[in-house]
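Pasting input-v9.txt here (compact mmCIF, C-alpha atoms):
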# COMPACT_ATOMS: atom_id res chain seq x y z
CA MET D 1 -17.61 62.47 -17.90
CA PHE D 2 -14.66 60.70 -19.50
CA GLN D 3 -12.95 60.54 -16.12
CA ASN D 4 -15.79 58.32 -14.80
CA VAL D 5 -15.56 56.11 -17.88
CA ASP D 6 -11.81 55.76 -17.37
CA PHE D 7 -12.35 54.94 -13.69
CA ARG D 8 -15.03 52.32 -14.49
CA PHE D 9 -12.86 50.92 -17.27
CA SER D 10 -9.85 50.60 -14.96
CA ARG D 11 -11.97 48.81 -12.30
CA ILE D 12 -13.22 46.38 -14.95
CA ALA D 13 -9.66 45.88 -16.20
CA VAL D 14 -8.47 45.14 -12.65
CA LEU D 15 -11.33 42.66 -12.13
CA LEU D 16 -10.57 40.92 -15.43
CA ALA D 17 -6.89 40.76 -14.59
CA ALA D 18 -7.69 39.27 -11.17
CA MET D 19 -9.98 36.67 -12.75
CA LEU D 20 -7.32 35.71 -15.30
CA LEU D 21 -4.68 35.47 -12.58
CA ALA D 22 -6.95 33.28 -10.45
CA SER D 23 -7.71 31.09 -13.44
CA ALA D 24 -4.03 30.78 -14.33
CA SER D 25 -3.18 29.96 -10.71
CA SER D 26 -5.72 27.15 -10.59
CA VAL D 27 -4.29 25.70 -13.81
CA VAL D 28 -0.76 25.81 -12.36
CA LEU D 29 -1.97 24.25 -9.11
CA ALA D 30 -3.79 21.52 -11.01
CA GLN D 31 -0.67 20.82 -13.06
CA SER D 32 1.61 20.73 -10.00
CA ALA D 33 -0.70 18.50 -7.96
CA PRO D 34 0.76 15.04 -7.38
CA ALA D 35 -0.34 12.37 -9.81
CA PRO D 36 -2.83 9.89 -8.40
CA VAL D 37 -1.22 6.87 -6.75
CA GLU D 38 -1.47 3.74 -8.83
CA ARG D 39 -3.30 0.84 -7.23
CA THR D 40 -2.52 -2.85 -7.43
CA PRO D 41 -5.04 -4.51 -9.77
CA GLY D 42 -7.67 -6.29 -7.71
CA ALA D 43 -6.56 -4.73 -4.43
CA ALA D 44 -9.31 -3.51 -2.14
CA ASP D 45 -9.88 0.18 -1.55
CA PRO D 46 -7.52 0.99 1.36
CA ALA D 47 -9.81 3.75 2.62
CA PRO D 48 -13.42 2.86 1.94
CA PRO D 49 -15.55 5.70 3.32
CA HIS D 50 -18.14 4.82 5.94
CA PRO D 51 -20.22 8.00 6.36
CA GLU D 52 -22.36 6.20 8.92
CA LEU D 53 -19.33 6.34 11.24
CA ALA D 54 -19.24 10.16 11.40
CA GLY D 55 -20.02 9.95 15.12
CA VAL D 56 -17.05 7.63 15.57
CA PHE D 57 -14.91 10.15 13.66
CA GLU D 58 -15.88 12.68 16.32
CA ASP D 59 -15.01 10.17 19.07
CA PHE D 60 -11.50 10.17 17.61
CA GLY D 61 -11.40 13.97 17.87
CA GLY D 62 -11.86 14.68 14.17
CA ARG D 63 -8.85 15.14 11.93
CA ALA D 64 -6.84 16.89 14.65
CA GLY D 65 -7.48 13.93 16.95
CA LEU D 66 -6.34 11.49 14.27
CA ASP D 67 -3.15 13.50 13.73
CA ALA D 68 -2.46 13.37 17.48
CA LEU D 69 -3.25 9.64 17.50
CA MET D 70 -0.70 9.05 14.75
CA ASP D 71 1.99 10.93 16.71
CA GLU D 72 1.27 8.66 19.69
CA PHE D 73 1.11 5.55 17.48
CA MET D 74 4.48 6.26 15.81
CA THR D 75 6.11 6.79 19.21
CA ILE D 76 4.79 3.41 20.37
CA LEU D 77 5.78 1.65 17.13
CA LEU D 78 9.35 2.94 17.40
CA ALA D 79 9.56 1.88 21.07
CA ASP D 80 8.27 -1.63 20.31
CA PRO D 81 11.20 -3.91 19.38
CA ARG D 82 8.83 -6.02 17.25
CA MET D 83 7.76 -2.98 15.17
CA ARG D 84 10.84 -0.75 15.19
CA PRO D 85 12.53 -2.51 12.24
CA PHE D 86 9.50 -1.77 10.04
CA PHE D 87 9.29 1.92 10.95
CA GLU D 88 12.71 3.25 11.93
CA LYS D 89 13.84 4.01 8.36
CA VAL D 90 10.60 5.28 6.84
CA GLU D 91 9.46 8.88 6.47
CA HIS D 92 7.57 9.18 9.77
CA ASP D 93 5.66 12.32 8.79
CA ARG D 94 4.44 10.74 5.53
CA VAL D 95 3.35 7.52 7.25
CA LYS D 96 1.53 9.44 10.00
CA ARG D 97 -0.17 11.74 7.46
CA GLN D 98 -1.30 8.86 5.27
CA LEU D 99 -2.59 6.83 8.21
CA ALA D 100 -4.53 9.86 9.47
CA GLU D 101 -5.94 10.35 5.95
CA GLN D 102 -6.88 6.68 5.71
CA PHE D 103 -8.61 6.59 9.09
CA CYS D 104 -10.33 9.92 8.39
CA ALA D 105 -11.68 8.62 5.07
CA ILE D 106 -12.81 5.33 6.59
CA LEU D 107 -14.54 7.10 9.48
CA GLY D 108 -16.53 9.33 7.13
CA GLY D 109 -14.51 12.45 7.91
CA GLY D 110 -14.38 13.54 4.27
CA CYS D 111 -10.63 13.08 3.80
CA ALA D 112 -8.97 11.69 0.69
CA TYR D 113 -6.33 8.99 1.15
CA SER D 114 -3.18 9.72 -0.86
CA GLY D 115 -1.26 6.53 -0.14
CA ARG D 116 -0.83 3.24 -1.93
CA ASP D 117 -3.11 0.25 -1.55
CA MET D 118 -2.25 -2.24 1.20
CA VAL D 119 -0.66 -4.81 -1.15
CA ALA D 120 1.71 -2.27 -2.70
CA ALA D 121 2.48 -0.52 0.60
CA HIS D 122 3.49 -3.72 2.37
CA ALA D 123 4.86 -5.98 -0.41
CA ALA D 124 8.55 -5.46 0.38
CA HIS D 125 8.29 -5.83 4.15
CA GLY D 126 7.78 -9.57 4.73
CA ILE D 127 4.96 -9.16 7.23
CA ASP D 128 3.57 -12.21 9.04
CA ARG D 129 0.55 -12.62 11.30
CA ALA D 130 2.57 -11.95 14.47
CA ASP D 131 3.79 -8.63 12.97
CA PHE D 132 0.25 -7.65 12.03
CA ASN D 133 -1.06 -8.54 15.49
CA ALA D 134 1.74 -6.56 17.16
CA LEU D 135 0.83 -3.50 15.10
CA VAL D 136 -2.83 -3.84 16.10
CA GLU D 137 -1.80 -4.13 19.76
CA ASP D 138 0.25 -0.94 19.44
CA LEU D 139 -2.65 0.84 17.75
CA GLN D 140 -4.96 -0.19 20.59
CA ILE D 141 -2.46 1.13 23.14
CA ALA D 142 -2.23 4.43 21.26
CA MET D 143 -6.03 4.74 21.05
CA SER D 144 -6.41 3.97 24.75
CA ASN D 145 -3.67 6.47 25.64
CA ARG D 146 -5.59 9.10 23.66
CA GLY D 147 -8.83 8.32 25.54
CA ILE D 148 -10.71 7.07 22.49
CA PRO D 149 -13.79 5.15 23.68
CA PHE D 150 -13.48 1.37 23.43
CA ARG D 151 -16.66 1.19 21.33
CA ALA D 152 -15.18 3.62 18.77
CA GLN D 153 -11.91 1.66 18.71
CA ASN D 154 -13.80 -1.54 17.95
CA LYS D 155 -15.77 0.04 15.12
CA LEU D 156 -12.58 1.17 13.41
CA LEU D 157 -10.78 -2.12 14.05
CA ALA D 158 -13.71 -4.08 12.57
CA ILE D 159 -13.21 -2.19 9.30
CA LEU D 160 -9.42 -2.50 9.36
CA ALA D 161 -9.27 -6.21 10.31
CA PRO D 162 -10.01 -7.61 6.84
CA MET D 163 -6.98 -5.71 5.50
CA HIS D 164 -4.78 -8.40 7.03
CA ARG D 165 -5.33 -10.41 3.84
CA GLU D 166 -3.47 -7.75 1.86
CA VAL D 167 -0.90 -6.77 4.50
CA ILE D 168 0.37 -10.21 5.54
CA ASN D 169 2.67 -11.45 2.82
CA ARG D 170 4.93 -14.00 4.54

Conversion result in structure tokens:
Amino acid sequence: MFQNVDFRFSRIAVLLAAMLLASASSVVLAQSAPAPVERTPGAADPAPPHPELAGVFEDFGGRAGLDALMDEFMTILLADPRMRPFFEKVEHDRVKRQLAEQFCAILGGGCAYSGRDMVAAHAAHGIDRADFNALVEDLQIAMSNRGIPFRAQNKLLAILAPMHREVINR
């Protein structure tokens, strides 16, 4: 009889230990998570979610499609002599990840954007209207190369276009 009690007690002890370990792990993970990015006061949300665009998110191929789009986009940006100076010395993987997050959030894909607001992200780069327009051209080329329907491209671009007010700083 005491053997069964010991067996039940040891199972309970193992379960309690597992629960404590899981709890401790979540506390460590929460503590090691990156601090939220500070935003420029008055700057617009750089990734306002538009859940009504979930169908457009699917036209982009979901998150995997956005990741592939950003690979294509970065290749085009680095090949474009107008854009290369802005992108050749940045962390390409970080920029691609944050753009994919931003587009995913905007398109109602449920992603969280981890980057800075548009004012802070572009303040040091001296961007003018021609630079902004060249970037949009390169994005359109990348989207077309990826086979994203023109209608879906336009829906995303309509949301991104007002950001020029915070990106252009020269």

For D:Glu88, please output as a ChimeraX atom specification all residues within 12 Å (counting only C-alpha atoms; exclusion window: fewer than 6 positions along the same chain).
/D:74-82,95

Shortest contact to D:Asp131, candidates D:Arg151, D:Arg63, D:Lys89, D:His164, atoms counted all atoms listed in the file, goes to D:His164

When you look at stretch 106-120 of chain D with a cut-off of 9 Å (counting all atoms listed in the file), what residues show up, excluding the ones that are within fewer than 6 positions of it in the same chain? I need them as number ranges by chain.
D: 36-40, 43-58, 62-63, 95, 98-100, 156, 159-160, 163-169

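Interatomic distance, atom CA of D:Gly147 against atom CA of D:Asn133: 21.1 Å.
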
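Residues in contact range of D:Glu72, defined as at most 12 Å between only C-alpha atoms, with sequence neighbours fewer than 4 positions away removed, read D:Gly65, D:Leu66, D:Asp67, D:Ala68, D:Ile76, D:Leu77, D:Leu78, D:Ala79, D:His92, D:Lys96, D:Ala100, D:Asp138, D:Leu139, D:Gln140, D:Ile141, D:Ala142, D:Met143, D:Ser144, D:Asn145, D:Arg146, D:Gly147.
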
Using atom CA of D:Ala152 and atom CA of D:Asp128 as the two end points, give the distance in Å to one decimal.
26.4 Å

N, CA and C atoms for stretch 85-107 of chain D, written as a PDB file, in the coordinates of the input, could you do that?
ATOM      1  N   PRO D  85      11.861  -2.283  13.522  1.00  0.00           N
ATOM      2  CA  PRO D  85      12.530  -2.510  12.240  1.00  0.00           C
ATOM      3  C   PRO D  85      11.682  -2.103  11.021  1.00  0.00           C
ATOM      4  N   PHE D  86      10.373  -2.145  11.152  1.00  0.00           N
ATOM      5  CA  PHE D  86       9.500  -1.770  10.040  1.00  0.00           C
ATOM      6  C   PHE D  86       9.374  -0.253   9.880  1.00  0.00           C
ATOM      7  N   PHE D  87       9.600   0.491  10.955  1.00  0.00           N
ATOM      8  CA  PHE D  87       9.290   1.920  10.950  1.00  0.00           C
ATOM      9  C   PHE D  87      10.478   2.856  11.161  1.00  0.00           C
ATOM     10  N   GLU D  88      11.629   2.337  11.601  1.00  0.00           N
ATOM     11  CA  GLU D  88      12.710   3.250  11.930  1.00  0.00           C
ATOM     12  C   GLU D  88      13.304   3.966  10.728  1.00  0.00           C
ATOM     13  N   LYS D  89      13.207   3.390   9.533  1.00  0.00           N
ATOM     14  CA  LYS D  89      13.840   4.010   8.360  1.00  0.00           C
ATOM     15  C   LYS D  89      12.842   4.529   7.339  1.00  0.00           C
ATOM     16  N   VAL D  90      11.603   4.719   7.749  1.00  0.00           N
ATOM     17  CA  VAL D  90      10.600   5.280   6.840  1.00  0.00           C
ATOM     18  C   VAL D  90      10.414   6.758   7.149  1.00  0.00           C
ATOM     19  N   GLU D  91       9.770   7.476   6.244  1.00  0.00           N
ATOM     20  CA  GLU D  91       9.460   8.880   6.470  1.00  0.00           C
ATOM     21  C   GLU D  91       8.290   8.961   7.458  1.00  0.00           C
ATOM     22  N   HIS D  92       8.590   9.203   8.715  1.00  0.00           N
ATOM     23  CA  HIS D  92       7.570   9.180   9.770  1.00  0.00           C
ATOM     24  C   HIS D  92       6.422  10.141   9.480  1.00  0.00           C
ATOM     25  N   ASP D  93       6.725  11.346   9.046  1.00  0.00           N
ATOM     26  CA  ASP D  93       5.660  12.320   8.790  1.00  0.00           C
ATOM     27  C   ASP D  93       4.726  11.852   7.679  1.00  0.00           C
ATOM     28  N   ARG D  94       5.277  11.244   6.628  1.00  0.00           N
ATOM     29  CA  ARG D  94       4.440  10.740   5.530  1.00  0.00           C
ATOM     30  C   ARG D  94       3.549   9.599   6.012  1.00  0.00           C
ATOM     31  N   VAL D  95       4.125   8.667   6.754  1.00  0.00           N
ATOM     32  CA  VAL D  95       3.350   7.520   7.250  1.00  0.00           C
ATOM     33  C   VAL D  95       2.227   8.013   8.165  1.00  0.00           C
ATOM     34  N   LYS D  96       2.549   8.921   9.077  1.00  0.00           N
ATOM     35  CA  LYS D  96       1.530   9.440  10.000  1.00  0.00           C
ATOM     36  C   LYS D  96       0.429  10.178   9.228  1.00  0.00           C
ATOM     37  N   ARG D  97       0.822  10.986   8.246  1.00  0.00           N
ATOM     38  CA  ARG D  97      -0.170  11.740   7.460  1.00  0.00           C
ATOM     39  C   ARG D  97      -1.076  10.789   6.688  1.00  0.00           C
ATOM     40  N   GLN D  98      -0.487   9.778   6.057  1.00  0.00           N
ATOM     41  CA  GLN D  98      -1.300   8.860   5.270  1.00  0.00           C
ATOM     42  C   GLN D  98      -2.192   7.982   6.136  1.00  0.00           C
ATOM     43  N   LEU D  99      -1.722   7.592   7.299  1.00  0.00           N
ATOM     44  CA  LEU D  99      -2.590   6.830   8.210  1.00  0.00           C
ATOM     45  C   LEU D  99      -3.745   7.697   8.703  1.00  0.00           C
ATOM     46  N   ALA D 100      -3.460   8.948   9.042  1.00  0.00           N
ATOM     47  CA  ALA D 100      -4.530   9.860   9.470  1.00  0.00           C
ATOM     48  C   ALA D 100      -5.533  10.059   8.343  1.00  0.00           C
ATOM     49  N   GLU D 101      -5.046  10.215   7.106  1.00  0.00           N
ATOM     50  CA  GLU D 101      -5.940  10.350   5.950  1.00  0.00           C
ATOM     51  C   GLU D 101      -6.808   9.105   5.788  1.00  0.00           C
ATOM     52  N   GLN D 102      -6.170   7.952   5.886  1.00  0.00           N
ATOM     53  CA  GLN D 102      -6.880   6.680   5.710  1.00  0.00           C
ATOM     54  C   GLN D 102      -7.969   6.517   6.763  1.00  0.00           C
ATOM     55  N   PHE D 103      -7.631   6.732   8.019  1.00  0.00           N
ATOM     56  CA  PHE D 103      -8.610   6.590   9.090  1.00  0.00           C
ATOM     57  C   PHE D 103      -9.718   7.633   8.948  1.00  0.00           C
ATOM     58  N   CYS D 104      -9.344   8.846   8.580  1.00  0.00           N
ATOM     59  CA  CYS D 104     -10.330   9.920   8.390  1.00  0.00           C
ATOM     60  C   CYS D 104     -11.316   9.551   7.284  1.00  0.00           C
ATOM     61  N   ALA D 105     -10.804   9.024   6.171  1.00  0.00           N
ATOM     62  CA  ALA D 105     -11.680   8.620   5.070  1.00  0.00           C
ATOM     63  C   ALA D 105     -12.600   7.488   5.504  1.00  0.00           C
ATOM     64  N   ILE D 106     -12.028   6.486   6.147  1.00  0.00           N
ATOM     65  CA  ILE D 106     -12.810   5.330   6.590  1.00  0.00           C
ATOM     66  C   ILE D 106     -13.911   5.760   7.559  1.00  0.00           C
ATOM     67  N   LEU D 107     -13.589   6.672   8.454  1.00  0.00           N
ATOM     68  CA  LEU D 107     -14.540   7.100   9.480  1.00  0.00           C
ATOM     69  C   LEU D 107     -15.514   8.163   8.987  1.00  0.00           C
TER      70      LEU D 107
END
